[in-house]
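Novice: Please find protein.txt (compact mmCIF, C-alpha atoms) on the next line:
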```txt
# COMPACT_ATOMS: atom_id res chain seq x y z
CA MET N 1 56.12 18.94 -3.88
CA GLY N 2 57.38 15.60 -2.59
CA SER N 3 60.21 13.58 -4.12
CA TRP N 4 60.85 9.88 -4.56
CA ARG N 5 62.68 8.08 -1.73
CA TRP N 6 63.88 4.69 -2.81
CA SER N 7 65.15 2.16 -0.29
CA SER N 8 68.28 0.79 -1.96
CA SER N 9 68.21 -2.45 0.00
CA ALA N 10 64.50 -3.15 -0.51
CA SER N 11 64.45 -2.19 -4.16
CA ALA N 12 67.54 -4.19 -4.90
CA ILE N 13 66.06 -7.31 -3.38
CA ASN N 14 62.51 -6.89 -4.74
CA PRO N 15 62.19 -5.29 -8.18
CA PHE N 16 58.39 -5.00 -7.65
CA TYR N 17 58.82 -3.19 -4.35
CA CYS N 18 56.15 -0.47 -3.95
CA PRO N 19 57.48 2.57 -2.06
CA CYS N 20 54.01 3.44 -0.61
CA PRO N 21 53.42 4.95 1.91
CA CYS N 22 56.55 7.06 1.35
CA HIS N 23 56.66 10.54 -0.11
CA VAL N 24 55.47 10.47 -3.70
CA PRO N 25 55.16 13.13 -6.37
CA LEU N 26 52.00 15.23 -6.22
CA SER N 27 50.73 13.78 -9.49
CA LEU N 28 50.83 10.26 -7.97
CA ASN N 29 49.43 11.20 -4.57
CA ASN N 30 46.26 9.75 -3.00
CA PHE N 31 46.63 6.35 -4.64
CA SER N 32 44.82 3.23 -3.34
CA PHE N 33 45.94 -0.28 -4.16
CA SER N 34 43.90 -2.86 -6.04
CA THR N 35 44.63 -6.39 -7.23
CA PRO N 36 46.66 -6.29 -10.45
CA SER N 37 45.03 -7.64 -13.56
CA LEU N 38 46.24 -11.06 -14.73
CA SER N 39 45.91 -10.37 -18.42
CA SER N 40 48.43 -12.07 -20.71
CA SER N 41 49.99 -8.78 -21.79
CA LYS N 42 50.85 -7.77 -18.21
CA ILE N 43 52.16 -11.24 -17.37
CA SER N 44 54.42 -11.09 -20.43
CA THR N 45 55.64 -7.64 -19.37
CA GLY N 46 56.46 -8.96 -15.89
CA ILE N 47 58.44 -11.90 -17.32
CA LYS N 48 60.35 -9.61 -19.67
CA SER N 49 61.17 -7.29 -16.76
CA ARG N 50 62.57 -10.14 -14.67
CA LEU N 51 64.63 -11.48 -17.57
CA GLN N 52 65.99 -8.02 -18.34
CA LEU N 53 66.90 -7.44 -14.67
CA GLN N 54 68.58 -10.84 -14.52
CA TYR N 55 70.56 -9.91 -17.65
CA TYR N 56 71.78 -6.71 -16.00
CA ASN N 57 72.74 -8.53 -12.80
CA ASN N 58 74.68 -11.24 -14.66
CA ASN N 59 76.63 -8.65 -16.61
CA ASN N 60 77.36 -6.43 -13.59
CA ASN N 61 75.72 -3.47 -15.38
CA VAL N 62 75.16 -1.39 -12.26
CA LYS N 63 74.02 1.80 -14.04
CA ASN N 64 71.32 0.17 -16.16
CA ARG N 65 70.23 -2.02 -13.27
CA LYS N 66 69.58 0.98 -10.99
CA ARG N 67 67.81 2.86 -13.74
CA PHE N 68 65.69 -0.19 -14.59
CA ILE N 69 64.73 -0.89 -10.96
CA GLY N 70 63.53 2.68 -10.47
CA PHE N 71 61.56 2.69 -13.72
CA ASP N 72 60.05 -0.74 -13.10
CA ALA N 73 58.98 0.12 -9.56
CA ALA N 74 57.32 3.34 -10.71
CA LYS N 75 55.65 1.42 -13.56
CA ASN N 76 54.31 -1.12 -11.08
CA ILE N 77 52.79 1.66 -9.01
CA ILE N 78 51.05 3.10 -12.06
CA VAL N 79 49.84 -0.32 -13.23
CA LYS N 80 48.72 -1.62 -9.85
CA CYS N 81 47.27 1.52 -8.29
CA THR N 82 43.92 3.09 -8.91
CA THR N 83 43.18 6.66 -8.00
CA ASN N 84 40.48 7.55 -5.47
CA THR N 85 38.68 9.48 -8.17
CA GLU N 86 38.27 6.31 -10.24
CA LEU N 87 37.01 4.43 -7.18
CA GLU N 88 34.44 7.17 -6.48
CA GLU N 89 33.26 7.04 -10.09
CA GLN N 90 32.90 3.25 -9.83
CA GLN N 91 30.90 3.57 -6.59
CA GLU N 92 28.65 6.20 -8.17
CA GLU N 93 27.96 3.88 -11.09
CA GLU N 94 27.05 1.05 -8.69
CA GLU N 95 24.78 3.38 -6.70
CA GLN N 96 23.08 4.51 -9.90
CA VAL N 97 22.32 0.88 -10.71
CA VAL N 98 21.07 0.05 -7.19
CA ALA N 99 19.00 3.25 -6.73
CA PRO N 100 16.45 2.50 -9.51
CA LEU N 101 15.97 -1.00 -8.11
CA ASP N 102 15.21 0.41 -4.65
CA GLU N 103 12.84 3.00 -6.10
CA ASN N 104 11.02 0.35 -8.14
CA SER N 105 10.65 -1.89 -5.09
CA GLU N 106 9.27 0.98 -3.02
CA GLY N 107 6.89 1.93 -5.84
CA ILE N 108 5.56 -1.62 -6.16
CA ALA N 109 5.13 -1.93 -2.39
CA GLN N 110 3.28 1.39 -2.28
CA LEU N 111 0.98 0.31 -5.12
CA VAL N 112 0.19 -3.02 -3.44
CA TRP N 113 -0.56 -1.23 -0.16
CA GLU N 114 -2.91 1.27 -1.87
CA TRP N 115 -4.86 -1.52 -3.57
CA ALA N 116 -5.04 -3.52 -0.32
CA VAL N 117 -6.43 -0.50 1.52
CA LEU N 118 -8.95 0.15 -1.26
CA ILE N 119 -10.19 -3.46 -1.26
CA SER N 120 -10.19 -3.94 2.54
CA PRO N 121 -13.68 -2.41 3.15
CA PHE N 122 -15.29 -5.01 0.88
CA PHE N 123 -13.53 -7.80 2.75
CA PHE N 124 -14.72 -6.45 6.13
CA TRP N 125 -18.27 -5.90 4.88
CA GLY N 126 -18.49 -9.42 3.50
CA THR N 127 -17.19 -11.04 6.68
CA ALA N 128 -19.36 -8.76 8.84
CA MET N 129 -22.45 -10.10 7.05
CA VAL N 130 -21.50 -13.61 8.08
CA ALA N 131 -21.26 -12.44 11.70
CA MET N 132 -24.60 -10.55 11.44
CA LYS N 133 -26.34 -13.57 9.96
CA GLU N 134 -25.56 -15.55 13.12
CA VAL N 135 -26.74 -12.99 15.68
CA ILE N 136 -29.80 -11.45 13.96
CA PRO N 137 -32.17 -14.28 14.99
CA LYS N 138 -31.13 -13.83 18.66
CA TYR N 139 -31.01 -10.02 18.94
CA GLY N 140 -33.26 -8.81 16.13
CA PRO N 141 -32.34 -7.24 12.77
CA PHE N 142 -32.72 -3.56 13.63
CA PHE N 143 -30.94 -3.84 16.98
CA VAL N 144 -27.94 -5.47 15.27
CA SER N 145 -27.96 -2.71 12.64
CA ALA N 146 -28.11 -0.01 15.31
CA PHE N 147 -25.31 -1.66 17.28
CA ARG N 148 -23.25 -1.79 14.11
CA THR N 149 -23.59 1.93 13.40
CA ILE N 150 -23.79 3.98 16.63
CA PRO N 151 -20.70 2.62 18.52
CA ALA N 152 -18.71 2.62 15.26
CA GLY N 153 -19.67 6.25 14.68
CA PHE N 154 -18.45 7.32 18.10
CA LEU N 155 -15.19 5.42 17.51
CA LEU N 156 -14.60 7.31 14.25
CA VAL N 157 -15.46 10.65 15.87
CA ALA N 158 -13.00 9.93 18.70
CA PHE N 159 -10.31 8.93 16.20
CA ALA N 160 -10.85 12.08 14.14
CA ALA N 161 -10.75 14.24 17.28
CA SER N 162 -7.49 12.61 18.38
CA ARG N 163 -6.01 13.66 15.02
CA ALA N 164 -7.19 17.24 15.61
CA ARG N 165 -9.69 17.09 12.74
CA PRO N 166 -12.32 19.84 12.94
CA PHE N 167 -15.87 19.16 14.14
CA PRO N 168 -18.71 20.02 11.76
CA SER N 169 -19.92 23.57 12.17
CA GLY N 170 -22.80 25.42 10.61
CA LEU N 171 -26.30 24.49 9.46
CA THR N 172 -25.15 23.39 5.99
CA ALA N 173 -22.58 20.98 7.41
CA TRP N 174 -25.03 19.26 9.79
CA LEU N 175 -27.80 19.21 7.18
CA SER N 176 -25.54 17.50 4.63
CA ILE N 177 -24.40 14.96 7.24
CA SER N 178 -28.03 14.25 8.23
CA LEU N 179 -29.08 13.59 4.62
CA PHE N 180 -25.98 11.44 4.18
CA ALA N 181 -26.95 9.52 7.35
CA LEU N 182 -30.53 8.96 6.18
CA VAL N 183 -29.52 7.51 2.81
CA ASP N 184 -26.30 5.66 3.58
CA ALA N 185 -26.68 4.61 7.22
CA ALA N 186 -30.41 4.26 8.01
CA CYS N 187 -31.67 3.04 4.62
CA PHE N 188 -28.63 0.92 3.85
CA GLN N 189 -28.54 -0.83 7.23
CA GLY N 190 -32.34 -1.26 7.31
CA PHE N 191 -32.47 -2.82 3.84
CA LEU N 192 -29.47 -4.96 4.72
CA ALA N 193 -31.10 -6.26 7.91
CA GLU N 194 -34.27 -7.20 6.02
CA GLY N 195 -32.31 -8.87 3.25
CA LEU N 196 -30.11 -10.95 5.56
CA GLN N 197 -33.22 -12.59 7.05
CA ARG N 198 -34.22 -13.89 3.62
CA THR N 199 -30.97 -14.78 1.89
CA SER N 200 -27.57 -16.26 2.56
CA ALA N 201 -24.70 -14.08 3.77
CA GLY N 202 -22.50 -15.07 0.81
CA LEU N 203 -25.01 -14.19 -1.88
CA GLY N 204 -26.03 -11.06 0.00
CA SER N 205 -22.44 -9.82 0.23
CA VAL N 206 -21.96 -10.32 -3.52
CA ILE N 207 -25.05 -8.23 -4.28
CA ILE N 208 -24.13 -5.55 -1.72
CA ASP N 209 -20.60 -5.26 -3.07
CA SER N 210 -22.01 -4.65 -6.55
CA GLN N 211 -22.68 -1.03 -5.57
CA PRO N 212 -19.48 0.19 -7.32
CA LEU N 213 -21.33 -0.51 -10.60
CA THR N 214 -23.88 2.17 -9.71
CA VAL N 215 -21.15 4.44 -8.36
CA ALA N 216 -19.27 4.27 -11.67
CA ILE N 217 -22.39 5.22 -13.62
CA LEU N 218 -23.37 8.05 -11.27
CA ALA N 219 -19.80 9.39 -11.17
CA SER N 220 -19.72 9.42 -14.96
CA LEU N 221 -23.03 11.28 -15.18
CA LEU N 222 -22.52 13.74 -12.31
CA PHE N 223 -18.76 14.32 -12.30
CA GLY N 224 -17.80 13.42 -15.87
CA GLU N 225 -15.43 10.63 -14.79
CA SER N 226 -14.37 8.46 -17.73
CA ILE N 227 -15.22 4.76 -17.61
CA GLY N 228 -13.51 3.67 -20.82
CA ILE N 229 -14.19 0.70 -23.07
CA VAL N 230 -12.79 -1.89 -20.67
CA GLY N 231 -14.66 -0.34 -17.74
CA ALA N 232 -17.92 -0.27 -19.70
CA ALA N 233 -17.49 -3.93 -20.64
CA GLY N 234 -16.91 -4.77 -16.98
CA LEU N 235 -20.09 -2.91 -16.00
CA VAL N 236 -22.12 -4.84 -18.60
CA LEU N 237 -20.78 -8.17 -17.31
CA GLY N 238 -21.53 -7.11 -13.73
CA VAL N 239 -25.12 -6.17 -14.58
CA ILE N 240 -25.66 -9.47 -16.40
CA GLY N 241 -24.34 -11.36 -13.38
CA LEU N 242 -26.67 -9.48 -11.03
CA LEU N 243 -29.66 -10.18 -13.30
CA LEU N 244 -28.85 -13.89 -13.26
CA LEU N 245 -28.68 -13.83 -9.46
CA GLU N 246 -31.92 -11.87 -9.13
CA VAL N 247 -34.00 -13.85 -11.63
CA SER N 248 -33.06 -17.15 -10.00
CA ALA N 249 -34.04 -15.78 -6.57
CA LEU N 250 -37.43 -14.26 -7.44
CA SER N 251 -40.36 -16.20 -6.03
CA PHE N 252 -43.23 -17.12 -8.36
CA ASP N 253 -46.49 -18.93 -7.65
CA SER N 254 -49.74 -19.49 -9.51
CA THR N 255 -51.58 -16.55 -7.93
CA SER N 256 -49.06 -13.87 -7.06
CA PHE N 257 -45.65 -12.54 -7.85
CA SER N 258 -43.49 -11.43 -4.91
CA LEU N 259 -40.61 -9.09 -5.59
CA TRP N 260 -40.06 -8.15 -1.95
CA GLY N 261 -40.26 -11.68 -0.67
CA SER N 262 -36.68 -12.33 -1.83
CA GLY N 263 -33.78 -11.16 0.27
CA GLU N 264 -31.83 -10.42 -2.88
CA SER N 265 -34.18 -7.53 -3.75
CA TRP N 266 -33.61 -5.95 -0.33
CA MET N 267 -29.86 -6.42 -0.78
CA LEU N 268 -30.01 -4.72 -4.16
CA LEU N 269 -31.84 -1.77 -2.57
CA ALA N 270 -29.16 -1.62 0.13
CA ALA N 271 -26.45 -1.55 -2.54
CA GLN N 272 -28.13 1.35 -4.33
CA SER N 273 -28.48 3.28 -1.07
CA MET N 274 -24.79 2.94 -0.38
CA ALA N 275 -23.92 3.87 -3.97
CA ILE N 276 -25.85 7.13 -3.62
CA GLY N 277 -24.15 7.72 -0.28
CA THR N 278 -20.75 7.19 -1.88
CA VAL N 279 -21.50 9.89 -4.46
CA MET N 280 -22.91 12.18 -1.74
CA VAL N 281 -19.72 12.04 0.34
CA ARG N 282 -17.96 14.42 -2.04
CA TRP N 283 -20.68 16.98 -1.47
CA VAL N 284 -20.63 16.37 2.29
CA SER N 285 -16.83 16.72 2.47
CA LYS N 286 -17.10 20.27 1.10
CA TYR N 287 -18.56 21.38 4.42
CA SER N 288 -17.05 18.86 6.88
CA ASP N 289 -13.99 16.73 7.38
CA PRO N 290 -14.66 13.38 5.62
CA ILE N 291 -13.68 11.16 8.56
CA MET N 292 -15.57 13.31 11.08
CA ALA N 293 -18.61 13.39 8.79
CA THR N 294 -18.47 9.61 8.36
CA GLY N 295 -18.48 9.11 12.11
CA TRP N 296 -21.39 11.46 12.78
CA HIS N 297 -23.42 10.05 9.89
CA LEU N 298 -23.19 6.60 11.50
CA VAL N 299 -24.35 7.97 14.85
CA ILE N 300 -27.26 9.96 13.38
CA GLY N 301 -28.25 7.18 10.98
CA GLY N 302 -28.33 4.66 13.81
CA LEU N 303 -31.02 6.58 15.76
CA PRO N 304 -33.91 5.64 13.40
CA LEU N 305 -32.73 2.03 13.59
CA VAL N 306 -33.10 2.12 17.38
CA ALA N 307 -36.66 3.35 16.93
CA PHE N 308 -37.41 0.57 14.44
CA SER N 309 -35.90 -1.94 16.84
CA ILE N 310 -38.32 -0.83 19.56
CA PHE N 311 -41.36 -0.87 17.26
CA ASN N 312 -40.32 -4.25 15.86
CA HIS N 313 -39.99 -5.68 19.40
CA ASP N 314 -36.52 -7.04 18.76
CA PRO N 315 -35.42 -9.59 21.38
CA ALA N 316 -32.54 -7.37 22.53
CA VAL N 317 -35.04 -4.58 23.37
CA THR N 318 -37.77 -6.69 24.96
CA GLY N 319 -35.24 -8.56 27.10
CA SER N 320 -36.08 -12.01 25.77
CA LEU N 321 -32.51 -12.94 24.87
CA LYS N 322 -31.84 -16.61 24.24
CA GLU N 323 -28.54 -18.49 24.36
CA PHE N 324 -26.42 -15.43 25.00
CA THR N 325 -22.74 -16.39 24.38
CA ALA N 326 -19.33 -14.75 24.21
CA TYR N 327 -19.26 -15.53 20.48
CA ASP N 328 -22.31 -13.31 20.01
CA VAL N 329 -20.53 -10.42 21.73
CA LEU N 330 -17.45 -10.90 19.56
CA ALA N 331 -19.62 -11.02 16.43
CA LEU N 332 -21.35 -7.76 17.38
CA LEU N 333 -18.03 -6.08 18.16
CA TYR N 334 -16.55 -7.27 14.86
CA THR N 335 -19.49 -5.90 12.86
CA SER N 336 -19.21 -2.56 14.64
CA ILE N 337 -15.41 -2.08 14.71
CA PHE N 338 -14.27 -3.68 11.46
CA GLY N 339 -17.56 -3.93 9.59
CA SER N 340 -18.34 -0.23 10.13
CA ALA N 341 -15.72 1.95 11.85
CA VAL N 342 -12.64 0.75 9.93
CA SER N 343 -14.32 -0.09 6.63
CA TYR N 344 -16.50 3.03 6.43
CA GLY N 345 -13.64 5.29 7.47
CA VAL N 346 -11.29 3.88 4.82
CA TYR N 347 -13.93 3.67 2.11
CA PHE N 348 -15.40 7.17 2.38
CA TYR N 349 -11.99 8.76 2.90
CA SER N 350 -10.84 7.06 -0.32
CA ALA N 351 -14.04 8.22 -2.05
CA THR N 352 -13.02 11.85 -1.47
CA LYS N 353 -9.67 11.25 -3.18
CA GLY N 354 -9.08 10.41 -6.81
CA HIS N 355 -11.41 8.43 -9.05
CA LEU N 356 -14.76 7.36 -7.54
```
Mind converting the file's structure to structure tokens?
Specialist:
Amino acid sequence: MGSWRWSSSASAINPFYCPCPCHVPLSLNNFSFSTPSLSSSKISTGIKSRLQLQYYNNNNNVKNRKRFIGFDAAKNIIVKCTTNTELEEQQEEEEQVVAPLDENSEGIAQLVWEWAVLISPFFFWGTAMVAMKEVIPKYGPFFVSAFRTIPAGFLLVAFAASRARPFPSGLTAWLSISLFALVDAACFQGFLAEGLQRTSAGLGSVIIDSQPLTVAILASLLFGESIGIVGAAGLVLGVIGLLLLEVSALSFDSTSFSLWGSGESWMLLAAQSMAIGTVMVRWVSKYSDPIMATGWHLVIGGLPLVAFSIFNHDPAVTGSLKEFTAYDVLALLYTSIFGSAVSYGVYFYSATKGHL
């Protein structure tokens, strides 16, 4: 155990002389210095100490002066020094305060990212309709639909293969993907192409993106998912809004009533096709990887659209293209990459996880 070593010259000159870093007793070891508090009590103690020392010096009281200097120096060490243990406790308290803030920030960022990913397909579908509206008159509705599905499907299949996702295998897997392709790819894209020729892209995208209303109802009936009071009220408001859009768009004349003459009706059919496809994807994903199945369903569903494009004599098939521009190519690529590959991949992968 160490012992005190006082420097007689230094301690005699400076009564507040701190002997660190000299040998100190074990009980006072591992001290670290901090700024002394300036409270009134400690200031008064310091003044009293100086006056008492001055009294001893004036009266030549050597014995008391030495004893006082030693005591006062040791007291200063105790008052001014803080142990490493106390510093560690203070740091732990600060970390405990900062850690929840970091966790909350990460949690909020994660929540925002999840909602952005969930909403992104609807943004891409809406903007893809604007691009399709511009190129359909030049290339033909079914050719644009086929171009939107088949290249996008191969992109998704290549992406899934690069991530070592398994290819579909077995009759049940391919049969489920084929039915999924017929309902969600062929019917949806065909109805969409017909509707876009008869309505605006903005109104059409609103009607198409209403398909979550049908999904919520089907998921409640088939999978027992709870909608809740607020959700049910939202569904009622959504249905009322769709009815207002549809009634204002229906065409009436004195001799006939045309339901299929309005593009909005075709858009509503497209929305229902996609809603059924969204519910089907859970069944399909039992036999195949969801991303791989999504890619192949776009490829298979695009084949009937190619046939319809040939029978319909679309300009892109007959070779009578007019005013071919780089903008048209970019619009077609956007509808295929973002309007199908990215949006379908994100949407149907999300549909296999959590609440439909």
Novice: Go ahead and compute the interatomic distance for atom CA of Arg198 of chain N and atom CA of Leu244 of chain N, in Å to one decimal.
Specialist: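 These two atoms are separated by 17.7 Å.
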Novice: Extract, using all atoms listed in the file, all DNA, RNA and protein residues at most 8 Å from Phe142 of chain N, discarding same-chain residues fewer than 5 positions from it, and format them as JSON, numbers by chain.
Specialist: {"N": [190, 193, 305, 306, 308, 309, 312, 314]}
Novice: So how far away is atom CA of Pro304 of chain N from atom CA of Tyr139 of chain N, in Å?
Specialist: 16.9 Å
Novice: Just how far from atom CA of Phe147 of chain N is atom CA of Thr214 of chain N, in Å to one decimal?
Specialist: 27.3 Å
